[in-house]
$ cat work_3.tsv   # TSV, C-alpha atoms
chain	number	residue	atom	x	y	z
A	13	MET	CA	107.58	122.76	109.96
A	14	ARG	CA	110.22	122.14	112.58
A	15	LEU	CA	110.52	124.41	115.60
A	16	PRO	CA	114.17	125.45	116.22
A	17	HIS	CA	115.59	123.45	119.11
A	18	HIS	CA	116.85	126.47	121.05
A	19	LEU	CA	113.24	127.69	121.27
A	20	VAL	CA	111.45	124.43	121.93
A	21	SER	CA	113.96	123.39	124.59
A	22	SER	CA	113.62	126.64	126.55
A	23	PRO	CA	110.71	126.72	129.02
A	24	PHE	CA	110.71	130.51	128.48
A	25	PHE	CA	110.63	130.26	124.65
A	26	LEU	CA	112.15	133.63	123.63
A	27	PHE	CA	113.80	134.33	126.98
A	28	GLU	CA	116.95	132.90	128.50
A	29	ASP	CA	115.90	132.67	132.14
A	30	VAL	CA	113.15	133.46	134.60
A	31	GLU	CA	114.59	136.83	135.61
A	32	GLN	CA	114.62	138.04	132.01
A	33	LEU	CA	111.02	136.92	131.61
A	34	LEU	CA	109.88	138.65	134.82
A	35	SER	CA	111.59	141.83	133.72
A	36	ALA	CA	109.73	141.72	130.40
A	37	LEU	CA	106.40	141.07	132.10
A	38	GLY	CA	106.79	144.05	134.42
A	39	ALA	CA	103.43	145.30	135.69
A	40	HIS	CA	101.55	142.56	133.81
A	41	VAL	CA	102.28	140.06	136.57
A	42	THR	CA	101.11	140.05	140.21
A	43	ALA	CA	103.11	138.99	143.25
A	44	ILE	CA	101.23	135.69	143.40
A	45	GLN	CA	101.85	135.06	139.70
A	46	THR	CA	105.54	135.87	140.17
A	47	GLU	CA	105.70	133.15	142.81
A	48	GLN	CA	103.90	130.74	140.48
A	49	ILE	CA	106.31	131.58	137.64
A	50	ARG	CA	109.33	130.83	139.82
A	51	HIS	CA	107.75	127.58	141.02
A	52	LEU	CA	107.01	126.33	137.49
A	53	ALA	CA	110.45	127.39	136.26
A	54	SER	CA	112.05	125.37	139.07
A	55	LYS	CA	110.18	122.31	137.76
A	56	GLY	CA	111.37	122.88	134.19
A	57	LEU	CA	107.87	123.73	132.95
A	58	PRO	CA	106.80	126.72	130.82
A	59	PRO	CA	105.70	129.28	133.44
A	60	ILE	CA	102.37	130.10	131.82
A	61	VAL	CA	100.27	131.76	134.52
A	62	SER	CA	98.08	133.96	132.33
A	63	ARG	CA	97.20	134.84	128.77
A	64	GLU	CA	99.50	137.88	128.98
A	65	ALA	CA	102.45	135.84	130.25
A	66	LEU	CA	102.10	133.40	127.36
A	67	ALA	CA	101.87	136.24	124.84
A	68	VAL	CA	105.05	137.86	126.19
A	69	MET	CA	106.96	134.57	126.06
A	70	LEU	CA	105.89	134.01	122.45
A	71	GLY	CA	106.41	137.60	121.37
A	72	VAL	CA	102.84	138.05	120.12
A	73	ASN	CA	99.87	140.26	120.89
A	74	SER	CA	97.65	138.76	123.60
A	75	GLY	CA	94.78	138.99	121.11
A	76	LEU	CA	96.19	135.94	119.31
A	77	ILE	CA	96.06	133.95	122.56
A	78	TRP	CA	92.49	135.17	123.05
A	79	SER	CA	91.66	133.88	119.58
A	80	PHE	CA	93.21	130.48	120.37
A	81	LEU	CA	91.00	130.26	123.46
A	82	ASN	CA	87.74	131.70	122.17
A	83	ARG	CA	87.72	130.94	118.44
A	84	PRO	CA	89.28	127.46	118.21
A	85	ASP	CA	87.56	126.60	114.93
A	86	ARG	CA	89.78	129.18	113.23
A	87	HIS	CA	92.90	127.35	114.39
A	88	TYR	CA	92.17	123.73	113.44
A	89	ASN	CA	91.88	121.81	110.18
A	90	SER	CA	89.52	118.83	110.44
A	91	PHE	CA	89.56	115.92	107.98
A	92	ASN	CA	89.29	112.13	107.82
A	93	VAL	CA	91.94	109.59	106.91
A	94	ALA	CA	91.38	105.99	105.91
A	95	LYS	CA	91.96	103.16	108.39
A	96	GLY	CA	92.05	99.42	107.82
A	97	GLY	CA	88.80	97.65	107.06
A	98	GLY	CA	87.21	100.63	105.34
A	99	ALA	CA	86.93	102.72	108.53
A	100	THR	CA	88.08	106.33	108.86
A	101	ARG	CA	89.86	108.29	111.55
A	102	SER	CA	88.90	111.89	112.31
A	103	ILE	CA	91.92	114.21	112.47
A	104	CYS	CA	91.82	117.70	114.01
A	105	ALA	CA	95.20	119.24	113.22
A	106	PRO	CA	96.11	122.66	114.63
A	107	ARG	CA	97.11	125.39	112.21
A	108	VAL	CA	100.69	126.59	112.28
A	109	ALA	CA	100.59	129.24	115.05
A	110	LEU	CA	98.75	127.05	117.56
A	111	LYS	CA	100.80	124.05	116.49
A	112	VAL	CA	104.02	125.86	117.44
A	113	VAL	CA	102.64	126.54	120.93
A	114	GLN	CA	101.47	122.94	121.34
A	115	LYS	CA	104.81	121.51	120.17
A	116	TRP	CA	106.61	123.65	122.71
A	117	LEU	CA	104.28	122.56	125.51
A	118	SER	CA	104.50	118.91	124.47
A	119	TYR	CA	108.30	118.92	124.60
A	120	HIS	CA	108.36	120.05	128.21
A	121	LEU	CA	105.42	117.94	129.39
A	122	ALA	CA	107.04	114.79	127.99
A	123	ALA	CA	110.41	115.72	129.51
A	124	GLN	CA	109.06	116.41	133.00
A	125	PHE	CA	106.43	113.67	133.35
A	126	LYS	CA	107.92	110.53	134.86
A	127	ALA	CA	106.00	107.80	133.07
A	128	PRO	CA	105.72	104.39	134.77
A	129	ALA	CA	108.11	101.73	133.51
A	130	HIS	CA	105.36	99.84	131.65
A	131	VAL	CA	104.38	102.89	129.54
A	132	HIS	CA	106.32	102.90	126.26
A	133	GLY	CA	104.26	105.17	124.00
A	134	PHE	CA	105.18	108.87	123.71
A	135	VAL	CA	108.02	108.49	126.21
A	136	PRO	CA	111.54	109.62	125.18
A	137	GLY	CA	113.87	106.63	124.87
A	138	ARG	CA	111.06	104.06	124.70
A	139	SER	CA	109.12	102.60	121.77
A	140	HIS	CA	106.91	99.72	120.68
A	141	ILE	CA	110.15	97.73	120.32
A	142	SER	CA	111.06	98.14	123.98
A	143	ALA	CA	107.44	97.33	124.86
A	144	ALA	CA	107.46	94.10	122.84
A	145	ALA	CA	110.83	93.10	124.34
A	146	THR	CA	109.21	93.09	127.79
A	147	HIS	CA	107.15	90.04	126.78
A	148	VAL	CA	109.99	87.84	125.49
A	149	GLY	CA	109.68	84.35	126.94
A	150	ALA	CA	105.95	84.60	127.65
A	151	ASP	CA	103.65	81.62	127.16
A	152	TRP	CA	100.54	83.72	126.65
A	153	ALA	CA	99.48	87.30	126.01
A	154	PHE	CA	96.22	89.12	126.67
A	155	SER	CA	95.78	92.42	124.84
A	156	VAL	CA	93.06	95.06	124.79
A	157	ASP	CA	92.74	98.31	122.89
A	158	LEU	CA	91.29	101.60	124.10
A	159	ALA	CA	88.75	102.92	121.59
A	160	ASP	CA	89.41	106.48	120.35
A	161	PHE	CA	92.00	107.09	123.06
A	162	PHE	CA	92.66	110.80	122.48
A	163	PRO	CA	89.08	111.95	121.75
A	164	SER	CA	87.88	109.93	124.76
A	165	THR	CA	90.09	111.99	127.09
A	166	PRO	CA	87.82	114.84	128.26
A	167	GLU	CA	88.86	118.38	129.04
A	168	ARG	CA	88.23	117.94	132.78
A	169	LEU	CA	90.94	115.26	132.91
A	170	VAL	CA	93.28	117.47	130.90
A	171	ILE	CA	92.78	120.27	133.45
A	172	GLU	CA	93.53	117.78	136.21
A	173	ALA	CA	96.63	116.60	134.32
A	174	TYR	CA	98.07	120.12	134.12
A	175	HIS	CA	97.20	120.68	137.78
A	176	ALA	CA	99.03	117.45	138.71
A	177	MET	CA	102.12	118.69	136.87
A	178	GLY	CA	102.24	121.80	139.07
A	179	TYR	CA	100.00	124.45	137.47
A	180	ASP	CA	97.44	126.28	139.60
A	181	LEU	CA	93.81	125.79	138.65
A	182	MET	CA	93.34	128.91	136.49
A	183	PRO	CA	96.48	128.38	134.38
A	184	ALA	CA	95.59	124.68	134.14
A	185	ARG	CA	92.23	125.63	132.66
A	186	LEU	CA	93.87	128.04	130.22
A	187	LEU	CA	96.35	125.39	129.07
A	188	ALA	CA	93.64	122.74	128.82
A	189	THR	CA	91.66	125.03	126.52
A	190	LEU	CA	94.76	125.47	124.35
A	191	SER	CA	95.26	121.69	124.23
A	192	THR	CA	91.71	120.45	123.65
A	193	TYR	CA	89.20	120.87	120.85
A	194	ARG	CA	85.46	120.49	121.26
A	195	GLY	CA	85.88	119.17	124.78
A	196	SER	CA	88.59	116.53	124.40
A	197	LEU	CA	92.13	115.82	123.22
A	198	PRO	CA	92.24	116.16	119.42
A	199	GLN	CA	93.75	113.46	117.25
A	200	GLY	CA	96.45	115.45	115.47
A	201	ALA	CA	97.55	117.92	118.16
A	202	PRO	CA	101.19	117.69	119.32
A	203	THR	CA	100.11	117.97	122.96
A	204	SER	CA	97.71	115.01	122.89
A	205	PRO	CA	100.29	112.19	123.29
A	206	ALA	CA	102.01	113.59	126.40
A	207	LEU	CA	98.76	114.76	127.98
A	208	SER	CA	97.07	111.40	127.39
A	209	ASN	CA	99.82	109.70	129.39
A	210	ILE	CA	99.47	112.19	132.25
A	211	ALA	CA	95.66	112.01	132.26
A	212	PHE	CA	95.77	108.19	132.21
A	213	ARG	CA	98.26	107.86	135.08
A	214	ARG	CA	95.70	106.67	137.68
A	215	LYS	CA	94.52	103.94	135.33
A	216	ASP	CA	98.15	102.99	134.80
A	217	GLU	CA	98.50	102.61	138.58
A	218	ALA	CA	95.44	100.33	138.62
A	219	LEU	CA	96.84	98.28	135.73
A	220	ILE	CA	100.11	97.84	137.66
A	221	GLU	CA	98.15	96.54	140.66
A	222	ILE	CA	96.42	93.97	138.45
A	223	ALA	CA	99.73	92.84	136.94
A	224	LEU	CA	101.28	92.44	140.39
A	225	ARG	CA	98.28	90.55	141.71
A	226	PHE	CA	98.42	88.03	138.87
A	227	ASP	CA	102.24	87.96	138.68
A	228	CYS	CA	102.39	88.91	134.99
A	229	LYS	CA	104.14	91.44	132.79
A	230	LEU	CA	102.44	94.59	131.56
A	231	THR	CA	103.03	97.16	128.82
A	232	ARG	CA	101.01	100.02	127.41
A	233	TYR	CA	101.89	101.57	124.08
A	234	ALA	CA	99.44	104.46	123.60
A	235	ASP	CA	96.03	102.75	123.49
A	236	ASP	CA	97.39	99.19	123.26
A	237	ILE	CA	97.55	97.37	126.64
A	238	VAL	CA	99.23	93.95	126.89
A	239	PHE	CA	99.57	91.49	129.78
A	240	SER	CA	101.69	88.36	129.46
A	241	GLY	CA	103.06	85.57	131.63
A	242	ARG	CA	104.28	82.03	131.96
A	243	HIS	CA	102.22	78.85	132.07
A	244	ALA	CA	98.43	79.41	131.90
A	245	MET	CA	96.66	82.76	131.71
A	246	PRO	CA	94.78	83.56	134.97
A	247	PRO	CA	91.08	83.05	134.25
A	248	GLU	CA	90.07	86.15	136.22
A	249	LEU	CA	92.43	88.53	134.42
A	250	ALA	CA	90.13	89.55	131.56
A	251	ALA	CA	87.22	90.31	133.89
A	252	GLU	CA	89.46	92.43	136.14
A	253	VAL	CA	90.67	94.50	133.20
A	254	HIS	CA	87.16	94.99	131.81
A	255	ALA	CA	85.83	96.06	135.22
A	256	LEU	CA	88.51	98.75	135.38
A	257	PHE	CA	86.93	100.63	132.45
A	258	GLU	CA	83.23	100.19	133.21
A	259	ASP	CA	82.60	103.73	134.50
A	260	GLU	CA	85.35	105.64	132.73
A	261	PRO	CA	85.49	107.89	129.67
A	262	TRP	CA	87.90	105.39	128.10
A	263	LYS	CA	86.25	102.25	126.73
A	264	LEU	CA	87.75	99.01	125.49
A	265	ALA	CA	87.30	98.18	121.81
A	266	PRO	CA	85.47	94.80	121.80
A	267	ALA	CA	86.82	93.77	118.40
A	268	LYS	CA	90.43	94.28	119.48
A	269	GLN	CA	90.57	92.02	122.52
A	270	LEU	CA	92.95	89.13	121.89
A	271	VAL	CA	94.10	86.14	123.92
A	272	GLN	CA	97.16	84.38	122.51
A	273	PRO	CA	97.89	80.99	124.10
A	274	LEU	CA	101.09	78.99	124.23
A	275	LYS	CA	102.38	78.55	120.68
A	276	GLY	CA	106.03	79.40	121.09
A	277	ARG	CA	105.41	82.88	119.70
A	278	ILE	CA	102.94	85.73	120.20
A	279	LYS	CA	102.29	89.01	118.41
A	280	VAL	CA	102.70	92.07	120.62
A	281	HIS	CA	102.54	95.75	119.56
A	282	GLY	CA	102.85	94.68	115.90
A	283	LEU	CA	105.98	92.57	116.42
A	284	LEU	CA	106.49	88.84	116.72
A	285	VAL	CA	107.62	87.90	120.23
A	286	GLN	CA	109.35	84.54	120.55
A	287	ARG	CA	111.06	82.78	123.42
A	288	ASP	CA	114.47	84.15	122.44
A	289	GLY	CA	113.70	87.61	121.07
A	290	ILE	CA	111.49	89.76	118.84
A	291	ARG	CA	111.31	90.23	115.09
A	292	LEU	CA	109.09	91.45	112.29
A	293	THR	CA	106.29	89.12	111.29
A	294	LYS	CA	106.96	86.81	108.36
A	295	GLY	CA	104.31	88.47	106.22
A	296	TYR	CA	105.80	91.92	106.77
A	297	ARG	CA	109.33	90.64	106.04
A	298	ASN	CA	108.05	89.31	102.72
A	299	GLN	CA	106.64	92.75	101.95
A	300	ILE	CA	109.97	94.35	102.81
A	301	ARG	CA	111.78	92.02	100.39
A	302	ALA	CA	109.46	93.18	97.62
A	303	TYR	CA	109.82	96.86	98.56
A	304	SER	CA	113.61	96.68	98.73
A	305	HIS	CA	113.73	95.01	95.31
A	306	VAL	CA	111.58	97.77	93.78
A	307	LEU	CA	113.74	100.48	95.34
A	308	ALA	CA	117.01	98.83	94.36
A	309	THR	CA	115.95	98.42	90.72
A	310	ARG	CA	113.89	101.61	90.20
A	311	GLY	CA	115.08	103.96	92.95
A	312	GLY	CA	113.29	107.28	93.24
A	313	THR	CA	111.30	106.66	90.02
A	314	ALA	CA	109.27	103.91	91.70
A	315	ALA	CA	105.64	104.68	92.47
A	316	ASP	CA	105.22	105.67	96.16
A	317	SER	CA	109.01	105.49	96.57
A	318	ALA	CA	108.93	107.63	99.73
A	319	LYS	CA	106.39	105.30	101.32
A	320	LEU	CA	108.36	102.18	100.33
A	321	ARG	CA	111.57	103.73	101.63
A	322	GLY	CA	109.87	104.48	104.95
A	323	HIS	CA	108.86	100.82	105.33
A	324	VAL	CA	112.38	99.61	104.52
A	325	GLN	CA	114.01	102.08	106.89
A	326	TYR	CA	111.61	100.98	109.62
A	327	ALA	CA	112.57	97.33	109.00
A	328	CYS	CA	116.26	98.29	109.23
A	329	HIS	CA	115.59	100.09	112.51
A	330	VAL	CA	113.82	97.08	114.04
A	331	ALA	CA	116.56	94.74	112.81
A	332	GLU	CA	119.31	96.92	114.25
A	333	ARG	CA	117.55	97.27	117.60
A	334	THR	CA	116.71	93.58	117.94
A	335	GLY	CA	119.36	91.74	115.91
A	336	SER	CA	116.59	90.01	113.97
A	337	PRO	CA	116.20	89.49	110.19
A	338	SER	CA	114.85	92.49	108.31
A	339	GLY	CA	113.78	90.77	105.12
A	340	ILE	CA	115.82	93.20	102.98
A	341	ALA	CA	117.23	91.48	99.92
A	342	TRP	CA	119.09	94.38	98.22
A	343	ARG	CA	120.27	96.11	101.33
A	344	HIS	CA	123.77	97.08	100.12
A	345	ARG	CA	122.56	98.78	96.94
A	346	GLY	CA	119.59	100.33	98.66
A	347	THR	CA	121.57	101.78	101.54
A	348	ARG	CA	123.39	104.16	99.21
A	349	PHE	CA	120.35	106.09	98.10
A	350	TRP	CA	118.68	105.95	101.53
A	351	SER	CA	121.82	107.49	103.03
A	352	GLN	CA	121.92	110.13	100.30
A	353	ASP	CA	118.28	111.07	100.91
A	354	TYR	CA	118.91	111.21	104.64
A	355	ALA	CA	121.96	113.46	104.19
A	356	GLN	CA	120.10	115.80	101.85
A	357	GLY	CA	117.13	115.98	104.21
A	358	ARG	CA	119.35	116.69	107.21
A	359	GLU	CA	121.21	119.44	105.33
A	360	ALA	CA	117.92	121.11	104.37
A	361	ALA	CA	116.65	120.87	107.94
A	362	GLU	CA	119.82	122.46	109.30
A	363	GLU	CA	119.58	125.30	106.78
A	364	GLY	CA	115.94	125.89	107.74
A	365	ALA	CA	116.79	125.90	111.44
A	366	GLN	CA	119.56	128.45	110.85
A	367	ARG	CA	117.18	130.71	108.93
A	368	ALA	CA	114.68	130.50	111.79
A	369	HIS	CA	117.43	131.21	114.32
A	370	ASP	CA	118.51	134.33	112.40
A	371	ALA	CA	114.95	135.56	111.82
A	372	PRO	CA	113.36	138.36	113.89
A	373	ARG	CA	112.34	137.19	117.35
A	374	GLY	CA	108.63	136.58	117.82
A	375	LEU	CA	106.32	133.74	116.90
A	376	LEU	CA	104.51	135.37	113.98
A	377	GLN	CA	107.72	136.73	112.45
A	378	MET	CA	109.28	133.26	112.56
A	379	ILE	CA	106.23	131.70	110.94
A	380	ARG	CA	106.31	134.27	108.14
A	381	GLY	CA	110.03	133.55	107.73
A	382	TRP	CA	109.43	129.81	107.34
A	383	PHE	CA	106.82	130.35	104.63
A	384	SER	CA	108.78	132.98	102.71
A	385	ALA	CA	112.09	131.03	102.73

$ encode --input "work_3.tsv" --output "structure tokens"
Amino acid sequence: MRLPHHLVSSPFFLFEDVEQLLSALGAHVTAIQTEQIRHLASKGLPPIVSREALAVMLGVNSGLIWSFLNRPDRHYNSFNVAKGGGATRSICAPRVALKVVQKWLSYHLAAQFKAPAHVHGFVPGRSHISAAATHVGADWAFSVDLADFFPSTPERLVIEAYHAMGYDLMPARLLATLSTYRGSLPQGAPTSPALSNIAFRRKDEALIEIALRFDCKLTRYADDIVFSGRHAMPPELAAEVHALFEDEPWKLAPAKQLVQPLKGRIKVHGLLVQRDGIRLTKGYRNQIRAYSHVLATRGGTAADSAKLRGHVQYACHVAERTGSPSGIAWRHRGTRFWSQDYAQGREAAEEGAQRAHDAPRGLLQMIRGWFSA
């Protein structure tokens, strides 16, 4: 499901501007709330000041918002997915109506939050590639991983995050309830990435201070934190980083701490960082050669063809962004059917967006339209 851009990009959802929204709210909004709405609108944020205001913006009965807030179990699907090493990850994915609201909120939170330069995860225009590029030329790298990053972010910090963005305390609590599940950020909610960055901002400030004190480079991609530098790694660095998380809800994963000494190359955010640039690891390039051969000879009839195509397209993306080898052996033949799939997918997406645009206004009507199309 893809939310039409003209809706997701509007902080008023169904309305064109703040005056139109205030007119629709009428007696459902107080003078103080009117002031809050104008303030949030000036910041480019959805002016959600009450349950009723949100319901009007979405074109739904306020009872649905009440259900989101008071009966969350009805609006989430919980399941486990396999991770490496036999472990599992718990996913709590919102059902379609709540997911639409969270996607809309996430779009505007990510657009208005000014992430520090070292934060590359969930920031428009940045990626793990730009994060890895920061460490080119380093002699060493020290990386740590935050265990269960989203579920370790408690609701109280989510309330504080919304408050820091400009929402008064009561609306911040309402929005935090819409964005959390069982007391924390759920793995699987569209709002969790942007909110995790906002909630973590004070720790990011502390990480910057450590990097400056030891004269080293720093990146954070979601839960993956990397320091790097020239010559020898400062012996006190690891202890400083560990001390930063001693009394916090976020904890470091002991098994994922890694110190990489001078070897002419280091692995950062899943990419190989060398003195002159970044590239895919040799093992992954070998996999890509095999995948591209299967796709070039068998095409869409290959087992897991969509998964293989995703890997190859990712390798192409990294190669194009970095100028490094992709490992693709049958690139010319393969490009034809990748391009065809892409064109067909884009055409279908555009048709779906047009249907949604032409559908009756209102969240529930649009959802019904998507499923009946």

$ atom_distance --input "work_3.tsv" --atom1 "atom CA of Ser240 of chain A" --atom2 "atom CA of Ser204 of chain A"
27.7 Å

$ residues_around --input "work_3.tsv" --residues "segment 247-250 of chain A" --least-positions-apart "4" --cutoff "8 Å" --atoms "all atoms listed in the file" --output "list in words"
Phe154, Ile222, Phe226 and His254 of chain A

$ residues_around --input "work_3.tsv" --residues "Ser196 of chain A" --least-positions-apart "2" --cutoff "6 Å" --atoms "all atoms listed in the file" --output "list in words"
Pro163, Thr165, Pro166, Glu167, Thr192, Tyr193 and Arg194 of chain A

$ closest_atom_pairs --input "work_3.tsv" --of "segment 137-197 of chain A" --to "segment 266-274 of chain A" --cutoff "6 Å" --atoms "all atoms listed in the file" --output "Markdown table"
| residue | atom | partner | partner_atom | distance |
| --- | --- | --- | --- | --- |
| A:Asp151 | CA | A:Leu274 | CA | 4.7 |
| A:Trp152 | CA | A:Pro273 | CA | 4.6 |
| A:Ala153 | CA | A:Gln272 | CA | 5.1 |
| A:Phe154 | CA | A:Val271 | CA | 4.6 |
| A:Ser155 | CA | A:Leu270 | CA | 5.2 |
| A:Val156 | CA | A:Gln269 | CA | 4.5 |
| A:Asp157 | CA | A:Lys268 | CA | 5.8 |

$ closest_residue --input "work_3.tsv" --among "A:Pro58, A:Gly137, A:Gly200, A:Pro261" --to "Leu117 of chain A" --atoms "all atoms listed in the file"
A:Pro58

$ closest_residue --input "work_3.tsv" --among "A:Gly75, A:Pro128, A:Pro59, A:Gly311" --to "Leu33 of chain A" --atoms "all atoms listed in the file"
A:Pro59

$ closest_residue --input "work_3.tsv" --among "A:Ala122, A:Val108, A:Leu19, A:Ile60" --to "Arg86 of chain A" --atoms "only C-alpha atoms"
A:Val108

$ atom_distance --input "work_3.tsv" --atom1 "atom CA of Glu217 of chain A" --atom2 "atom CA of Glu260 of chain A"
14.7 Å

$ atom_distance --input "work_3.tsv" --atom1 "atom CA of His323 of chain A" --atom2 "atom CA of Ala123 of chain A"
28.4 Å

$ residues_around --input "work_3.tsv" --residues "Phe161 of chain A" --least-positions-apart "3" --cutoff "10 Å" --atoms "all atoms listed in the file" --output "list in words"
Asp157, Leu158, Ser164, Thr165, Leu197, Pro198, Gln199, Ser204, Pro205, Ser208, Phe212, Ala234, Asp235, Asp236, Pro261, Trp262, Lys263 and Leu264 of chain A

$ closest_residue --input "work_3.tsv" --among "A:Ala176, A:Val285, A:Ala314, A:Leu186" --to "Asn82 of chain A" --atoms "all atoms listed in the file"
A:Leu186

$ closest_residue --input "work_3.tsv" --among "A:Arg185, A:Arg301, A:Arg287, A:Lys294" --to "His147 of chain A" --atoms "all atoms listed in the file"
A:Arg287

$ closest_residue --input "work_3.tsv" --among "A:Arg101, A:Lys111, A:Arg232, A:Arg214" --to "Asp160 of chain A" --atoms "all atoms listed in the file"
A:Arg101

$ residues_around --input "work_3.tsv" --residues "Lys55 of chain A" --least-positions-apart "6" --cutoff "9 Å" --atoms "all atoms listed in the file" --output "list in words"
Gln124, Met177 and Gly178 of chain A

$ residues_around --input "work_3.tsv" --residues "Phe25 of chain A" --least-positions-apart "6" --cutoff "12 Å" --atoms "all atoms listed in the file" --output "PyMOL selection string"
chain A and resi 15-19+32-33+53+57-60+65-72+112-113+115-117+119-120+373-375

$ build_atoms --input "work_3.tsv" --residues "segment 131-152 of chain A" --atoms "N, CA and C atoms" --output "PDB file, in the coordinates of the input"
ATOM      1  N   VAL A 131     104.896 102.004 130.591  1.00  0.00           N
ATOM      2  CA  VAL A 131     104.380 102.890 129.540  1.00  0.00           C
ATOM      3  C   VAL A 131     105.494 103.162 128.538  1.00  0.00           C
ATOM      4  N   HIS A 132     105.284 102.774 127.298  1.00  0.00           N
ATOM      5  CA  HIS A 132     106.320 102.900 126.260  1.00  0.00           C
ATOM      6  C   HIS A 132     105.931 103.855 125.142  1.00  0.00           C
ATOM      7  N   GLY A 133     104.684 104.249 125.056  1.00  0.00           N
ATOM      8  CA  GLY A 133     104.260 105.170 124.000  1.00  0.00           C
ATOM      9  C   GLY A 133     104.434 106.614 124.408  1.00  0.00           C
ATOM     10  N   PHE A 134     105.006 107.430 123.515  1.00  0.00           N
ATOM     11  CA  PHE A 134     105.180 108.870 123.710  1.00  0.00           C
ATOM     12  C   PHE A 134     106.119 109.185 124.881  1.00  0.00           C
ATOM     13  N   VAL A 135     107.043 108.291 125.139  1.00  0.00           N
ATOM     14  CA  VAL A 135     108.020 108.490 126.210  1.00  0.00           C
ATOM     15  C   VAL A 135     109.412 108.500 125.581  1.00  0.00           C
ATOM     16  N   PRO A 136     110.188 109.574 125.773  1.00  0.00           N
ATOM     17  CA  PRO A 136     111.540 109.620 125.180  1.00  0.00           C
ATOM     18  C   PRO A 136     112.377 108.409 125.588  1.00  0.00           C
ATOM     19  N   GLY A 137     113.019 107.776 124.599  1.00  0.00           N
ATOM     20  CA  GLY A 137     113.870 106.630 124.870  1.00  0.00           C
ATOM     21  C   GLY A 137     113.148 105.296 124.883  1.00  0.00           C
ATOM     22  N   ARG A 138     111.825 105.307 124.728  1.00  0.00           N
ATOM     23  CA  ARG A 138     111.060 104.060 124.700  1.00  0.00           C
ATOM     24  C   ARG A 138     110.279 103.984 123.388  1.00  0.00           C
ATOM     25  N   SER A 139     109.838 102.788 123.026  1.00  0.00           N
ATOM     26  CA  SER A 139     109.120 102.600 121.770  1.00  0.00           C
ATOM     27  C   SER A 139     108.323 101.306 121.837  1.00  0.00           C
ATOM     28  N   HIS A 140     107.634 100.987 120.731  1.00  0.00           N
ATOM     29  CA  HIS A 140     106.910  99.720 120.680  1.00  0.00           C
ATOM     30  C   HIS A 140     107.886  98.546 120.694  1.00  0.00           C
ATOM     31  N   ILE A 141     109.145  98.796 120.287  1.00  0.00           N
ATOM     32  CA  ILE A 141     110.150  97.730 120.320  1.00  0.00           C
ATOM     33  C   ILE A 141     110.507  97.386 121.756  1.00  0.00           C
ATOM     34  N   SER A 142     110.757  98.405 122.571  1.00  0.00           N
ATOM     35  CA  SER A 142     111.060  98.140 123.980  1.00  0.00           C
ATOM     36  C   SER A 142     109.847  97.535 124.692  1.00  0.00           C
ATOM     37  N   ALA A 143     108.639  97.915 124.266  1.00  0.00           N
ATOM     38  CA  ALA A 143     107.440  97.330 124.860  1.00  0.00           C
ATOM     39  C   ALA A 143     107.340  95.838 124.525  1.00  0.00           C
ATOM     40  N   ALA A 144     107.538  95.499 123.256  1.00  0.00           N
ATOM     41  CA  ALA A 144     107.460  94.100 122.840  1.00  0.00           C
ATOM     42  C   ALA A 144     108.532  93.262 123.528  1.00  0.00           C
ATOM     43  N   ALA A 145     109.728  93.835 123.719  1.00  0.00           N
ATOM     44  CA  ALA A 145     110.830  93.100 124.340  1.00  0.00           C
ATOM     45  C   ALA A 145     110.496  92.682 125.769  1.00  0.00           C
ATOM     46  N   THR A 146     109.613  93.429 126.420  1.00  0.00           N
ATOM     47  CA  THR A 146     109.210  93.090 127.790  1.00  0.00           C
ATOM     48  C   THR A 146     108.572  91.706 127.856  1.00  0.00           C
ATOM     49  N   HIS A 147     107.942  91.266 126.768  1.00  0.00           N
ATOM     50  CA  HIS A 147     107.150  90.040 126.780  1.00  0.00           C
ATOM     51  C   HIS A 147     107.910  88.819 126.236  1.00  0.00           C
ATOM     52  N   VAL A 148     109.198  88.982 125.968  1.00  0.00           N
ATOM     53  CA  VAL A 148     109.990  87.840 125.490  1.00  0.00           C
ATOM     54  C   VAL A 148     109.969  86.720 126.532  1.00  0.00           C
ATOM     55  N   GLY A 149     109.728  85.506 126.058  1.00  0.00           N
ATOM     56  CA  GLY A 149     109.680  84.350 126.940  1.00  0.00           C
ATOM     57  C   GLY A 149     108.305  84.031 127.487  1.00  0.00           C
ATOM     58  N   ALA A 150     107.303  84.834 127.140  1.00  0.00           N
ATOM     59  CA  ALA A 150     105.950  84.600 127.650  1.00  0.00           C
ATOM     60  C   ALA A 150     105.304  83.400 126.969  1.00  0.00           C
ATOM     61  N   ASP A 151     104.426  82.729 127.703  1.00  0.00           N
ATOM     62  CA  ASP A 151     103.650  81.620 127.160  1.00  0.00           C
ATOM     63  C   ASP A 151     102.301  82.080 126.617  1.00  0.00           C
ATOM     64  N   TRP A 152     101.835  83.214 127.093  1.00  0.00           N
ATOM     65  CA  TRP A 152     100.540  83.720 126.650  1.00  0.00           C
ATOM     66  C   TRP A 152     100.553  85.253 126.703  1.00  0.00           C
TER      67      TRP A 152
END
